[in-house]
file data.tsv (TSV, C-alpha atoms and all ligand atoms)
chain	number	residue	atom	x	y	z
N	14	ALA	CA	91.01	32.32	54.25
N	15	HIS	CA	89.84	35.16	52.05
N	16	ALA	CA	92.17	37.59	53.73
N	17	ALA	CA	93.71	39.47	50.81
N	18	ALA	CA	92.29	42.79	49.76
N	19	PRO	CA	89.55	42.60	47.17
N	20	GLY	CA	91.05	42.00	43.80
N	21	GLN	CA	94.31	40.68	45.18
N	22	ALA	CA	93.47	37.26	46.50
N	23	LEU	CA	96.66	35.30	46.98
N	24	ARG	CA	95.02	32.09	47.99
N	25	VAL	CA	91.85	30.38	46.99
N	26	PRO	CA	89.23	30.39	49.70
N	27	GLU	CA	89.08	27.48	52.09
N	28	GLY	CA	86.45	24.84	51.62
N	29	ILE	CA	86.60	24.68	47.82
N	30	HIS	CA	87.32	21.08	46.90
N	31	CYS	CA	85.55	20.83	43.58
N	32	ALA	CA	84.22	23.23	40.96
N	33	GLN	CA	80.67	23.08	42.26
N	34	ASP	CA	81.84	24.23	45.72
N	35	TYR	CA	82.12	27.71	44.23
N	36	GLU	CA	78.35	27.61	43.80
N	37	ALA	CA	77.69	25.98	47.15
N	38	LEU	CA	79.66	28.72	48.92
N	39	ALA	CA	78.67	31.62	46.67
N	40	SER	CA	76.55	33.36	49.29
N	41	ARG	CA	79.77	33.88	51.29
N	42	PHE	CA	81.20	36.03	48.52
N	43	LEU	CA	78.22	37.90	47.13
N	44	ASP	CA	75.67	40.14	48.84
N	45	ALA	CA	72.27	38.50	49.03
N	46	PRO	CA	70.62	40.63	46.30
N	47	VAL	CA	73.52	40.15	43.87
N	48	HIS	CA	73.59	36.45	44.63
N	49	ALA	CA	69.88	36.26	43.84
N	50	TYR	CA	70.44	38.10	40.55
N	51	VAL	CA	73.25	35.80	39.46
N	52	ALA	CA	71.78	32.51	40.66
N	53	GLY	CA	68.21	33.25	39.65
N	54	GLY	CA	66.42	32.93	36.37
N	55	SER	CA	63.17	33.80	34.75
N	56	GLY	CA	59.67	32.73	35.73
N	57	ARG	CA	59.37	29.78	38.02
N	58	GLU	CA	62.94	28.71	37.27
N	59	ARG	CA	61.80	25.46	35.71
N	60	THR	CA	64.49	25.67	33.08
N	61	ILE	CA	67.25	26.27	35.61
N	62	GLU	CA	66.08	23.20	37.44
N	63	ALA	CA	65.82	21.18	34.23
N	64	ASN	CA	69.35	22.17	33.23
N	65	SER	CA	70.83	20.49	36.27
N	66	ARG	CA	68.35	17.62	36.54
N	67	ALA	CA	69.05	16.58	32.97
N	68	PHE	CA	72.75	16.13	33.80
N	69	ASP	CA	71.88	14.14	36.91
N	70	GLU	CA	69.77	11.77	34.83
N	71	LEU	CA	72.81	10.86	32.76
N	72	GLY	CA	75.48	8.48	33.94
N	73	ILE	CA	78.78	7.37	32.48
N	74	GLN	CA	79.60	3.94	31.07
N	75	PRO	CA	83.25	3.11	31.66
N	76	ARG	CA	85.59	0.95	29.57
N	77	VAL	CA	88.61	-0.70	31.15
N	78	LEU	CA	92.27	-1.25	30.37
N	79	ARG	CA	92.44	1.46	27.73
N	80	ASP	CA	95.87	2.99	27.27
N	81	ALA	CA	95.63	6.60	28.44
N	82	ARG	CA	99.30	7.53	28.51
N	83	ALA	CA	98.89	9.84	25.55
N	84	GLY	CA	95.63	11.26	26.88
N	85	HIS	CA	94.84	14.95	26.50
N	86	THR	CA	91.94	17.37	26.32
N	87	ARG	CA	92.95	19.27	23.19
N	88	LEU	CA	90.53	20.07	20.41
N	89	THR	CA	90.36	22.12	17.26
N	90	LEU	CA	87.59	24.68	17.13
N	91	LEU	CA	87.09	27.14	14.29
N	92	GLY	CA	90.52	26.20	13.04
N	93	ARG	CA	92.30	26.95	16.32
N	94	GLU	CA	93.79	24.46	18.72
N	95	LEU	CA	92.41	24.83	22.24
N	96	ALA	CA	94.01	23.16	25.24
N	97	HIS	CA	90.67	22.10	26.68
N	98	PRO	CA	86.95	22.33	25.91
N	99	VAL	CA	85.85	24.66	28.73
N	100	LEU	CA	85.13	28.25	27.68
N	101	LEU	CA	83.92	31.16	29.77
N	102	ALA	CA	80.39	32.14	28.76
N	103	PRO	CA	79.52	35.79	28.26
N	104	VAL	CA	78.32	37.24	31.56
N	105	ALA	CA	77.23	40.86	31.82
N	106	PHE	CA	78.28	43.39	34.47
N	107	GLN	CA	80.96	41.47	36.32
N	108	ALA	CA	81.71	44.54	38.44
N	109	LEU	CA	78.80	43.26	40.53
N	110	ALA	CA	81.03	40.38	41.58
N	111	HIS	CA	84.49	41.89	41.78
N	112	PRO	CA	86.10	45.35	41.55
N	113	GLN	CA	88.37	44.22	38.69
N	114	ALA	CA	85.40	42.71	36.93
N	115	GLU	CA	86.09	41.19	33.48
N	116	ARG	CA	89.76	42.19	33.62
N	117	ALA	CA	90.27	39.68	36.42
N	118	THR	CA	88.20	37.05	34.60
N	119	ALA	CA	90.32	37.56	31.49
N	120	GLN	CA	93.52	37.16	33.51
N	121	GLY	CA	92.24	33.91	35.00
N	122	ALA	CA	91.32	32.71	31.53
N	123	ALA	CA	94.71	33.64	30.08
N	124	ALA	CA	96.51	31.80	32.88
N	125	THR	CA	94.63	28.59	32.09
N	126	ASP	CA	94.60	28.68	28.26
N	127	THR	CA	90.89	29.34	28.33
N	128	CYS	CA	88.87	31.04	25.64
N	129	ILE	CA	86.86	33.90	27.12
N	130	VAL	CA	83.68	35.25	25.56
N	131	ALA	CA	83.32	38.92	26.50
N	132	SER	CA	79.76	40.20	26.82
N	133	THR	CA	78.44	43.23	24.97
N	134	LEU	CA	77.19	44.28	28.40
N	135	SER	CA	80.50	43.93	30.21
N	136	SER	CA	81.51	46.40	32.90
N	137	CYS	CA	84.94	46.87	31.29
N	138	SER	CA	85.40	47.80	27.68
N	139	LEU	CA	86.11	45.06	25.19
N	140	GLU	CA	89.49	46.68	24.58
N	141	ALA	CA	90.40	46.51	28.28
N	142	ILE	CA	89.35	42.86	28.39
N	143	ALA	CA	91.41	42.08	25.29
N	144	THR	CA	94.51	43.53	26.96
N	145	GLU	CA	94.25	41.00	29.79
N	146	ALA	CA	92.94	38.01	27.86
N	147	GLY	CA	95.02	35.34	26.16
N	148	PRO	CA	94.99	34.82	22.41
N	149	GLU	CA	91.69	32.93	22.52
N	150	ARG	CA	88.96	35.49	22.94
N	151	TRP	CA	85.56	35.86	21.37
N	152	PHE	CA	83.11	38.72	21.57
N	153	GLN	CA	79.43	38.20	22.39
N	154	LEU	CA	77.27	40.51	20.36
N	155	TYR	CA	73.83	41.78	21.16
N	156	LEU	CA	72.44	43.25	17.95
N	157	GLN	CA	71.66	46.87	18.72
N	158	PRO	CA	68.47	48.64	17.65
N	159	ARG	CA	70.56	50.76	15.23
N	160	ARG	CA	72.75	48.94	12.74
N	161	GLU	CA	75.47	51.58	12.96
N	162	ASP	CA	75.83	50.84	16.67
N	163	THR	CA	76.13	47.11	16.00
N	164	LEU	CA	78.68	47.78	13.31
N	165	GLU	CA	80.77	49.89	15.64
N	166	LEU	CA	80.93	47.00	18.12
N	167	VAL	CA	81.92	44.59	15.33
N	168	ARG	CA	84.73	46.86	14.13
N	169	ARG	CA	86.02	47.36	17.66
N	170	ALA	CA	85.98	43.60	18.33
N	171	GLU	CA	87.90	43.01	15.10
N	172	ALA	CA	90.44	45.69	15.98
N	173	ALA	CA	90.92	44.28	19.47
N	174	GLY	CA	91.80	40.85	18.11
N	175	TYR	CA	88.68	38.90	18.98
N	176	GLY	CA	88.63	35.67	16.98
N	177	ALA	CA	84.88	35.17	16.65
N	178	LEU	CA	81.56	36.85	17.26
N	179	VAL	CA	78.87	35.08	19.26
N	180	VAL	CA	75.53	36.62	18.49
N	181	THR	CA	72.99	35.90	21.22
N	182	LEU	CA	69.52	35.25	19.84
N	183	ASP	CA	67.46	33.99	22.74
N	184	ALA	CA	66.90	37.21	24.68
N	185	PRO	CA	65.12	39.72	22.41
N	186	ALA	CA	63.15	40.79	25.48
N	187	GLN	CA	64.46	40.67	29.01
N	188	ALA	CA	62.64	38.29	31.33
N	189	PRO	CA	62.68	39.48	34.93
N	190	SER	CA	63.99	37.27	37.70
N	191	LEU	CA	61.44	37.06	40.47
N	192	ARG	CA	64.15	35.84	42.80
N	193	ALA	CA	66.20	38.97	42.16
N	194	LEU	CA	63.17	41.25	42.48
N	195	ARG	CA	62.14	39.67	45.76
N	196	ALA	CA	65.67	40.06	47.10
N	197	GLY	CA	65.54	43.76	46.32
N	198	PHE	CA	68.14	43.62	43.57
N	199	ARG	CA	68.40	46.45	41.11
N	200	LEU	CA	71.29	47.28	38.82
N	201	PRO	CA	73.15	50.19	40.45
N	202	ASP	CA	73.10	53.37	38.36
N	203	SER	CA	76.90	53.37	38.52
N	204	LEU	CA	76.94	50.16	36.53
N	205	GLN	CA	76.98	51.03	32.86
N	206	PRO	CA	77.86	48.87	29.88
N	207	ALA	CA	81.28	50.29	29.01
N	208	ASN	CA	81.05	49.10	25.40
N	209	LEU	CA	77.98	51.19	24.74
N	210	ALA	CA	79.24	54.36	26.40
N	211	THR	CA	80.03	55.99	23.07
N	212	HIS	CA	76.65	55.19	21.59
N	213	PRO	CA	74.12	57.94	21.50
N	214	PRO	CA	71.18	57.25	23.79
N	215	ALA	CA	69.10	54.31	22.66
N	216	PRO	CA	66.22	55.31	20.45
N	217	PRO	CA	63.03	55.60	22.45
N	218	LEU	CA	60.69	52.66	22.29
N	219	PRO	CA	57.97	53.37	19.78
N	220	THR	CA	55.23	55.10	21.71
N	221	ALA	CA	52.48	52.65	22.27
N	222	ALA	CA	49.31	53.68	20.62
N	223	ARG	CA	46.27	53.20	22.74
N	224	GLY	CA	45.69	49.51	23.16
N	225	ALA	CA	49.13	48.60	21.80
N	226	SER	CA	51.28	46.09	23.63
N	227	ARG	CA	54.42	47.19	25.49
N	228	ILE	CA	56.02	43.88	24.58
N	229	PHE	CA	55.04	43.45	20.93
N	230	GLN	CA	54.78	47.01	19.62
N	231	GLY	CA	57.35	48.32	22.10
N	232	ILE	CA	60.25	45.99	22.89
N	233	MET	CA	59.87	43.53	20.02
N	234	ALA	CA	59.56	46.34	17.49
N	235	GLN	CA	63.30	46.88	18.04
N	236	ALA	CA	64.28	43.21	18.28
N	237	PRO	CA	66.49	41.56	15.67
N	238	GLY	CA	64.93	39.40	12.98
N	239	TRP	CA	66.07	36.94	10.32
N	240	ARG	CA	66.87	39.82	7.96
N	241	ASP	CA	69.65	40.98	10.31
N	242	LEU	CA	71.63	37.78	10.05
N	243	PRO	CA	72.78	37.95	6.40
N	244	TRP	CA	73.47	41.62	7.02
N	245	LEU	CA	75.76	40.81	9.97
N	246	LEU	CA	77.50	37.99	8.10
N	247	GLY	CA	78.14	40.37	5.23
N	248	GLN	CA	79.83	42.91	7.52
N	249	THR	CA	82.67	40.82	8.94
N	250	ARG	CA	85.17	38.15	8.06
N	251	LEU	CA	85.16	36.86	11.62
N	252	PRO	CA	83.34	33.59	12.15
N	253	VAL	CA	79.91	34.27	13.66
N	254	LEU	CA	78.37	31.77	16.06
N	255	ALA	CA	74.74	31.89	17.14
N	256	LYS	CA	74.00	31.47	20.85
N	257	GLY	CA	70.69	30.44	22.34
N	258	VAL	CA	69.54	27.82	19.85
N	259	LEU	CA	67.38	24.92	21.03
N	260	HIS	CA	65.31	23.90	18.00
N	261	PRO	CA	66.86	21.65	15.34
N	262	CYS	CA	65.03	23.55	12.57
N	263	ASP	CA	66.61	26.85	13.68
N	264	ALA	CA	69.95	25.06	13.83
N	265	LYS	CA	69.63	23.90	10.23
N	266	VAL	CA	68.60	27.31	8.92
N	267	LEU	CA	71.39	29.05	10.81
N	268	LYS	CA	73.95	26.63	9.45
N	269	ARG	CA	72.65	27.08	5.93
N	270	ALA	CA	72.76	30.87	6.35
N	271	GLY	CA	76.52	30.70	6.94
N	272	VAL	CA	76.75	30.83	10.72
N	273	ALA	CA	80.04	29.17	11.74
N	274	GLY	CA	78.72	27.29	14.76
N	275	LEU	CA	76.06	27.24	17.44
N	276	VAL	CA	75.85	27.51	21.19
N	277	VAL	CA	73.03	25.26	22.33
N	278	SER	CA	71.77	27.26	25.27
N	279	ASN	CA	68.73	28.52	27.10
N	280	HIS	CA	70.66	31.44	28.61
N	281	GLY	CA	71.09	29.49	31.83
N	282	GLY	CA	67.33	29.58	32.40
N	283	ARG	CA	67.28	33.37	32.27
N	284	ALA	CA	65.29	33.81	29.06
N	285	LEU	CA	62.24	31.62	28.36
N	286	ASP	CA	61.23	29.72	31.47
N	287	GLY	CA	59.99	26.33	30.35
N	288	ALA	CA	62.55	26.01	27.58
N	289	GLN	CA	64.13	22.59	27.28
N	290	ALA	CA	67.29	21.76	29.19
N	291	SER	CA	70.10	22.51	26.79
N	292	ILE	CA	71.69	19.07	27.24
N	293	ASP	CA	68.32	17.51	26.31
N	294	ALA	CA	68.16	19.65	23.16
N	295	LEU	CA	71.70	18.77	22.08
N	296	PRO	CA	71.34	15.33	20.42
N	297	ALA	CA	68.66	16.45	17.95
N	298	ILE	CA	70.67	19.54	17.07
N	299	ARG	CA	73.81	17.50	16.48
N	300	GLN	CA	71.77	15.26	14.23
N	301	ALA	CA	70.34	18.24	12.36
N	302	VAL	CA	73.70	19.90	11.63
N	303	GLY	CA	75.81	16.80	10.99
N	304	ASP	CA	79.08	15.61	12.48
N	305	ASP	CA	81.53	18.28	11.47
N	306	TYR	CA	79.80	21.45	12.52
N	307	PRO	CA	80.98	23.37	15.63
N	308	LEU	CA	78.54	22.98	18.51
N	309	LEU	CA	78.96	24.34	21.99
N	310	LEU	CA	76.66	23.89	24.93
N	311	ASP	CA	76.01	25.80	28.10
N	312	GLY	CA	73.52	25.64	30.95
N	313	GLY	CA	73.92	23.58	34.10
N	314	ILE	CA	77.58	22.60	33.77
N	315	ARG	CA	78.82	22.32	37.33
N	316	ALA	CA	81.49	19.61	37.17
N	317	GLY	CA	83.96	17.92	34.88
N	318	ASP	CA	81.68	14.95	34.34
N	319	ASP	CA	79.01	17.33	33.02
N	320	VAL	CA	81.53	18.44	30.40
N	321	PHE	CA	82.10	14.77	29.54
N	322	LYS	CA	78.34	14.18	29.17
N	323	ALA	CA	77.91	17.21	26.91
N	324	ILE	CA	80.70	15.96	24.65
N	325	ALA	CA	79.20	12.48	24.64
N	326	LEU	CA	75.91	13.90	23.35
N	327	GLY	CA	77.50	15.90	20.58
N	328	ALA	CA	79.09	19.11	21.90
N	329	ASP	CA	82.61	20.05	20.84
N	330	ALA	CA	83.04	22.25	23.88
N	331	VAL	CA	81.08	23.88	26.71
N	332	MET	CA	80.75	27.28	28.30
N	333	ILE	CA	80.55	28.12	32.00
N	334	GLY	CA	78.26	30.91	33.20
N	335	ARG	CA	77.43	31.20	36.89
N	336	LEU	CA	80.39	29.23	38.28
N	337	GLN	CA	82.66	31.79	36.67
N	338	VAL	CA	80.93	34.63	38.53
N	339	TYR	CA	81.14	32.82	41.84
N	340	ALA	CA	84.83	32.07	41.42
N	341	LEU	CA	85.48	35.67	40.41
N	342	ALA	CA	83.66	36.93	43.49
N	343	ALA	CA	85.54	34.51	45.72
N	344	ALA	CA	89.08	35.21	44.60
N	345	GLY	CA	89.28	37.35	41.47
N	346	ALA	CA	91.59	36.13	38.70
N	347	LEU	CA	92.96	33.44	40.96
N	348	GLY	CA	89.47	32.10	41.63
N	349	VAL	CA	88.67	31.93	37.93
N	350	ALA	CA	91.94	30.15	37.20
N	351	HIS	CA	91.34	27.77	40.08
N	352	LEU	CA	87.82	27.01	38.85
N	353	ILE	CA	89.11	26.12	35.39
N	354	LYS	CA	91.88	24.00	36.86
N	355	LEU	CA	89.34	22.09	38.95
N	356	LEU	CA	86.97	21.58	36.01
N	357	ARG	CA	89.78	20.44	33.80
N	358	GLU	CA	91.10	17.96	36.34
N	359	GLU	CA	87.61	16.68	37.00
N	360	LEU	CA	87.16	16.15	33.28
N	361	GLU	CA	90.53	14.45	32.89
N	362	LEU	CA	89.87	12.10	35.79
N	363	CYS	CA	86.46	11.29	34.37
N	364	MET	CA	87.99	10.57	30.94
N	365	ALA	CA	90.70	8.39	32.50
N	366	LEU	CA	88.23	6.33	34.53
N	367	ALA	CA	85.81	6.06	31.63
N	368	GLY	CA	88.55	4.81	29.33
N	369	CYS	CA	88.37	7.80	26.98
N	370	PRO	CA	91.87	9.28	26.72
N	371	THR	CA	90.88	11.95	24.21
N	372	LEU	CA	87.72	13.94	23.57
N	373	ALA	CA	87.31	12.06	20.31
N	374	ASP	CA	86.98	8.82	22.27
N	375	ILE	CA	83.91	10.14	24.11
N	376	GLY	CA	80.73	9.15	22.33
N	377	GLU	CA	77.13	8.21	22.78
N	378	THR	CA	78.12	4.79	24.09
N	379	SER	CA	80.08	6.49	26.89
N	380	ILE	CA	76.91	7.41	28.76
N	381	HIS	CA	73.76	5.79	30.10
N	382	ARG	CA	70.50	7.04	31.54
N	383	TRP	CA	69.71	6.22	35.13
N	384	PRO	CA	66.37	4.47	35.47
N	385	ARG	CA	63.82	7.06	36.63
N	386	PRO	CA	62.54	6.50	40.14
N	387	ALA	CA	59.02	5.03	40.01
Y	401	LIG	C1	74.40	35.55	31.60
Y	401	LIG	N1	74.33	35.09	30.27
Y	401	LIG	C2	74.57	35.97	29.24
Y	401	LIG	N2	74.56	35.55	27.94
Y	401	LIG	C3	74.83	36.39	26.92
Y	401	LIG	O1	74.81	35.96	25.77
Y	401	LIG	N3	75.15	37.70	27.19
Y	401	LIG	C4	75.18	38.20	28.45
Y	401	LIG	O2	75.48	39.37	28.65
Y	401	LIG	C5	74.85	37.34	29.52
Y	401	LIG	N4	74.83	37.80	30.81
Y	401	LIG	C6	74.64	36.91	31.86
Y	401	LIG	C7	74.69	37.38	33.17
Y	401	LIG	C8	74.56	36.49	34.23
Y	401	LIG	C9	74.65	37.00	35.64
Y	401	LIG	C10	74.38	35.11	33.97
Y	401	LIG	C11	74.29	34.11	35.10
Y	401	LIG	C12	74.28	34.66	32.68
Y	401	LIG	C13	74.09	33.67	29.98
Y	401	LIG	C14	75.40	32.88	29.95
Y	401	LIG	O3	76.19	33.25	28.86
Y	401	LIG	C15	75.17	31.37	29.84
Y	401	LIG	O4	74.36	31.09	28.73
Y	401	LIG	C16	74.56	30.72	31.09
Y	401	LIG	O5	74.96	31.38	32.27
Y	401	LIG	C17	74.94	29.25	31.16
Y	401	LIG	O6	74.34	28.61	32.23
Y	401	LIG	P1	75.09	28.33	33.64
Y	401	LIG	O7	76.50	27.88	33.35
Y	401	LIG	O8	75.05	29.62	34.38
Y	401	LIG	O9	74.24	27.26	34.23

call {"tool": "encode", "arguments": {"input": "data.tsv", "output": "structure tokens", "more": "lines below"}}
Ligand code: FNR
result
Amino acid sequence: AHAAAPGQALRVPEGIHCAQDYEALASRFLDAPVHAYVAGGSGRERTIEANSRAFDELGIQPRVLRDARAGHTRLTLLGRELAHPVLLAPVAFQALAHPQAERATAQGAAATDTCIVASTLSSCSLEAIATEAGPERWFQLYLQPRREDTLELVRRAEAAGYGALVVTLDAPAQAPSLRALRAGFRLPDSLQPANLATHPPAPPLPTAARGASRIFQGIMAQAPGWRDLPWLLGQTRLPVLAKGVLHPCDAKVLKRAGVAGLVVSNHGGRALDGAQASIDALPAIRQAVGDDYPLLLDGGIRAGDDVFKAIALGADAVMIGRLQVYALAAAGALGVAHLIKLLREELELCMALAGCPTLADIGETSIHRWPRPA
């Protein structure tokens, strides 16, 4: 089934009948340590579990006899028309999954009219990704310890035609994955973030005085703060979205500060273990920012009906993290394109059966909560 040389899959692997099958079969396509790194999360993985459980606790409330002949999945986001509401989340170091890494992902995205969000920590340079991507491409920005390094990334993203910056705020310190550690995973030395290759070596962490904390006085001493946001917004004309927001108060302040939209996200359960499921955080954030403010959601989306549920609770669009890596590992660009096609058809079928021919027809009354088992 997966007979073509790596990077040149001509057929999608056998046994993939729905988007989530890419996850179910992922261990076929990834070595065990890499699989553990991708699938795993921080701490006891409570947030990973919550992300998927929260979707399972939601059901869909159908309406009948609605005319769906003019149905479609189009939407307008940041002033651009997108064919569908499924974006590819930023995922670091895709060379772990496939030799063509983000280039293949970008090709799969371009073939399916999908907006790709390229990670600061990608294996390929943002310029190389832009060459393969379609017109809809955003750049995910990690604020660097030195402002001049951040600025260089911003200028390069602008020059390479990225349409928005997505600044990730929920990972100022890296939380280890016990699953990955136990599986013996470590990032190979050969794997370097291509976008940072031109940066001089990172400044050393402030040397901890006796009794000082490695986390607070070390790592967090270089972490971004509120003061960096107006600075960033003043440096670029690109819309800036903030990713990793779960609290409605943060959402309000970010909106007021001039951020163009938010990604409600807990980093797929890879940052703070114990953080709320992103779909559970969504309704209060939508309420806090009002109706007409761009909101995306990621974390736990595994099927088209999950996309439907996210839209019902207030998202304009969603982003896909792990499934994208699994599809890339399975069949390169073709796998990514196939994954998006599956998700889109699952969403369309769900909309048709629910009596919601357009995304605008999906609302709070389109879903219900299953009674919890006693
Ligand atoms: C990520 N994510 C991530 N986010 C980000 O802002 N910058 C990054 O470089 C990465 N890197 C990354 C690597 C890997 C292996 C994974 C699995 C995730 C988080 C990602 O953008 C997204 O928020 C989650 O993956 C969404 O959850 P699901 O779809 O994986 O459940």

call {"tool": "axis_aligned_box", "arguments": {"input": "data.tsv", "around": "ligand LIG 401 (chain Y)", "padding_each_side": "6 Å", "output": "AutoDock Vina command-line options"}}
result
--center_x 75.3 --center_y 33.3 --center_z 30.7 --size_x 14.4 --size_y 24.1 --size_z 21.9

call {"tool": "residues_around", "arguments": {"input": "data.tsv", "residues": "Gln187 (chain N)", "least_positions_apart": "5", "cutoff": "10 Å", "atoms": "all atoms listed in the file", "output": "PyMOL selection string"}}
result
chain N and resi 55+232+283-285

call {"tool": "closest_residue", "arguments": {"input": "data.tsv", "among": "N:Ile314, N:Ala255, N:Leu91, N:Ala119", "to": "ligand LIG 401 (chain Y)", "atoms": "only C-alpha atoms and all ligand atoms"}}
result
N:Ile314

call {"tool": "atom_distance", "arguments": {"input": "data.tsv", "atom1": "CA of Gly334 (chain N)", "atom2": "CA of Leu182 (chain N)"}}
result
16.5 Å

call {"tool": "residues_near_ligand", "arguments": {"input": "data.tsv", "ligand": "ligand LIG 401 (chain Y)", "cutoff": "6 Å", "atoms": "all atoms listed in the file", "output": "short mmCIF file (atom, residue, chain, number, x, y, z; two decimals) with C-alpha atoms, in the coordinates of the input"}}
result
data_model
loop_
_atom_site.label_atom_id
_atom_site.label_comp_id
_atom_site.auth_asym_id
_atom_site.auth_seq_id
_atom_site.Cartn_x
_atom_site.Cartn_y
_atom_site.Cartn_z
CA VAL N 51 73.25 35.80 39.46
CA ALA N 102 80.39 32.14 28.76
CA PRO N 103 79.52 35.79 28.26
CA VAL N 104 78.32 37.24 31.56
CA ALA N 105 77.23 40.86 31.82
CA SER N 132 79.76 40.20 26.82
CA LEU N 134 77.19 44.28 28.40
CA THR N 181 72.99 35.90 21.22
CA SER N 278 71.77 27.26 25.27
CA HIS N 280 70.66 31.44 28.61
CA GLY N 281 71.09 29.49 31.83
CA ASP N 311 76.01 25.80 28.10
CA GLY N 312 73.52 25.64 30.95
CA GLY N 313 73.92 23.58 34.10
CA ILE N 314 77.58 22.60 33.77
CA ILE N 333 80.55 28.12 32.00
CA GLY N 334 78.26 30.91 33.20
CA ARG N 335 77.43 31.20 36.89
#

call {"tool": "closest_atom_pairs", "arguments": {"input": "data.tsv", "of": "region 279-325 of chain N", "to": "region 59-70 of chain N", "cutoff": "12 Å", "atoms": "all atoms listed in the file", "output": "JSON lines"}}
result
{"residue": "N:Asn279", "atom": "CA", "partner": "N:Thr60", "partner_atom": "CA", "distance": 7.9}
{"residue": "N:His280", "atom": "CA", "partner": "N:Ile61", "partner_atom": "CA", "distance": 9.3}
{"residue": "N:Gly281", "atom": "CA", "partner": "N:Ile61", "partner_atom": "CA", "distance": 6.3}
{"residue": "N:Gly282", "atom": "CA", "partner": "N:Ile61", "partner_atom": "CA", "distance": 4.6}
{"residue": "N:Arg283", "atom": "CA", "partner": "N:Ile61", "partner_atom": "CA", "distance": 7.8}
{"residue": "N:Ala284", "atom": "CA", "partner": "N:Thr60", "partner_atom": "CA", "distance": 9.1}
{"residue": "N:Leu285", "atom": "CA", "partner": "N:Thr60", "partner_atom": "CA", "distance": 7.9}
{"residue": "N:Asp286", "atom": "CA", "partner": "N:Thr60", "partner_atom": "CA", "distance": 5.4}
{"residue": "N:Gly287", "atom": "CA", "partner": "N:Thr60", "partner_atom": "CA", "distance": 5.3}
{"residue": "N:Ala288", "atom": "CA", "partner": "N:Thr60", "partner_atom": "CA", "distance": 5.8}
{"residue": "N:Gln289", "atom": "CA", "partner": "N:Thr60", "partner_atom": "CA", "distance": 6.6}
{"residue": "N:Ala290", "atom": "CA", "partner": "N:Asn64", "partner_atom": "CA", "distance": 4.6}
{"residue": "N:Ser291", "atom": "CA", "partner": "N:Asn64", "partner_atom": "CA", "distance": 6.5}
{"residue": "N:Ile292", "atom": "CA", "partner": "N:Ala67", "partner_atom": "CA", "distance": 6.8}
{"residue": "N:Asp293", "atom": "CA", "partner": "N:Ala67", "partner_atom": "CA", "distance": 6.8}
{"residue": "N:Ala294", "atom": "CA", "partner": "N:Ala67", "partner_atom": "CA", "distance": 10.3}
{"residue": "N:Leu295", "atom": "CA", "partner": "N:Ala67", "partner_atom": "CA", "distance": 11.4}
{"residue": "N:Leu310", "atom": "CA", "partner": "N:Asn64", "partner_atom": "CA", "distance": 11.2}
{"residue": "N:Asp311", "atom": "CA", "partner": "N:Asn64", "partner_atom": "CA", "distance": 9.2}
{"residue": "N:Gly312", "atom": "CA", "partner": "N:Asn64", "partner_atom": "CA", "distance": 5.9}
{"residue": "N:Gly313", "atom": "CA", "partner": "N:Asn64", "partner_atom": "CA", "distance": 4.9}
{"residue": "N:Ile314", "atom": "CA", "partner": "N:Ser65", "partner_atom": "CA", "distance": 7.5}
{"residue": "N:Arg315", "atom": "CA", "partner": "N:Ser65", "partner_atom": "CA", "distance": 8.3}
{"residue": "N:Ala316", "atom": "CA", "partner": "N:Phe68", "partner_atom": "CA", "distance": 10.0}
{"residue": "N:Gly317", "atom": "CA", "partner": "N:Phe68", "partner_atom": "CA", "distance": 11.4}
{"residue": "N:Asp318", "atom": "CA", "partner": "N:Phe68", "partner_atom": "CA", "distance": 9.0}
{"residue": "N:Asp319", "atom": "CA", "partner": "N:Phe68", "partner_atom": "CA", "distance": 6.4}
{"residue": "N:Val320", "atom": "CA", "partner": "N:Phe68", "partner_atom": "CA", "distance": 9.7}
{"residue": "N:Phe321", "atom": "CA", "partner": "N:Phe68", "partner_atom": "CA", "distance": 10.4}
{"residue": "N:Lys322", "atom": "CA", "partner": "N:Phe68", "partner_atom": "CA", "distance": 7.5}
{"residue": "N:Ala323", "atom": "CA", "partner": "N:Phe68", "partner_atom": "CA", "distance": 8.7}
{"residue": "N:Ala325", "atom": "CA", "partner": "N:Phe68", "partner_atom": "CA", "distance": 11.8}

call {"tool": "atom_distance", "arguments": {"input": "data.tsv", "atom1": "CA of Arg82 (chain N)", "atom2": "CA of Cys363 (chain N)"}}
result
14.6 Å

call {"tool": "closest_residue", "arguments": {"input": "data.tsv", "among": "N:Lys265, N:Arg79, N:Arg195, N:His85", "to": "Tyr50 (chain N)", "atoms": "only C-alpha atoms"}}
result
N:Arg195

call {"tool": "atom_distance", "arguments": {"input": "data.tsv", "atom1": "CA of Ala273 (chain N)", "atom2": "CA of Pro98 (chain N)"}}
result
17.2 Å

call {"tool": "closest_residue", "arguments": {"input": "data.tsv", "among": "N:Ala32, N:Cys137, N:Leu166, N:Leu326", "to": "Ala108 (chain N)", "atoms": "all atoms listed in the file"}}
result
N:Cys137

call {"tool": "closest_atom_pairs", "arguments": {"input": "data.tsv", "of": "region 48-94 of chain N", "to": "region 327-330 of chain N", "cutoff": "9 Å", "atoms": "only C-alpha atoms", "output": "JSON lines"}}
result
{"residue": "N:Leu88", "atom": "CA", "partner": "N:Asp329", "partner_atom": "CA", "distance": 7.9}
{"residue": "N:Thr89", "atom": "CA", "partner": "N:Asp329", "partner_atom": "CA", "distance": 8.8}
{"residue": "N:Leu90", "atom": "CA", "partner": "N:Asp329", "partner_atom": "CA", "distance": 7.7}

call {"tool": "closest_residue", "arguments": {"input": "data.tsv", "among": "N:Ser203, N:Arg57, N:Ala81, N:Gly121", "to": "His351 (chain N)", "atoms": "all atoms listed in the file"}}
result
N:Gly121
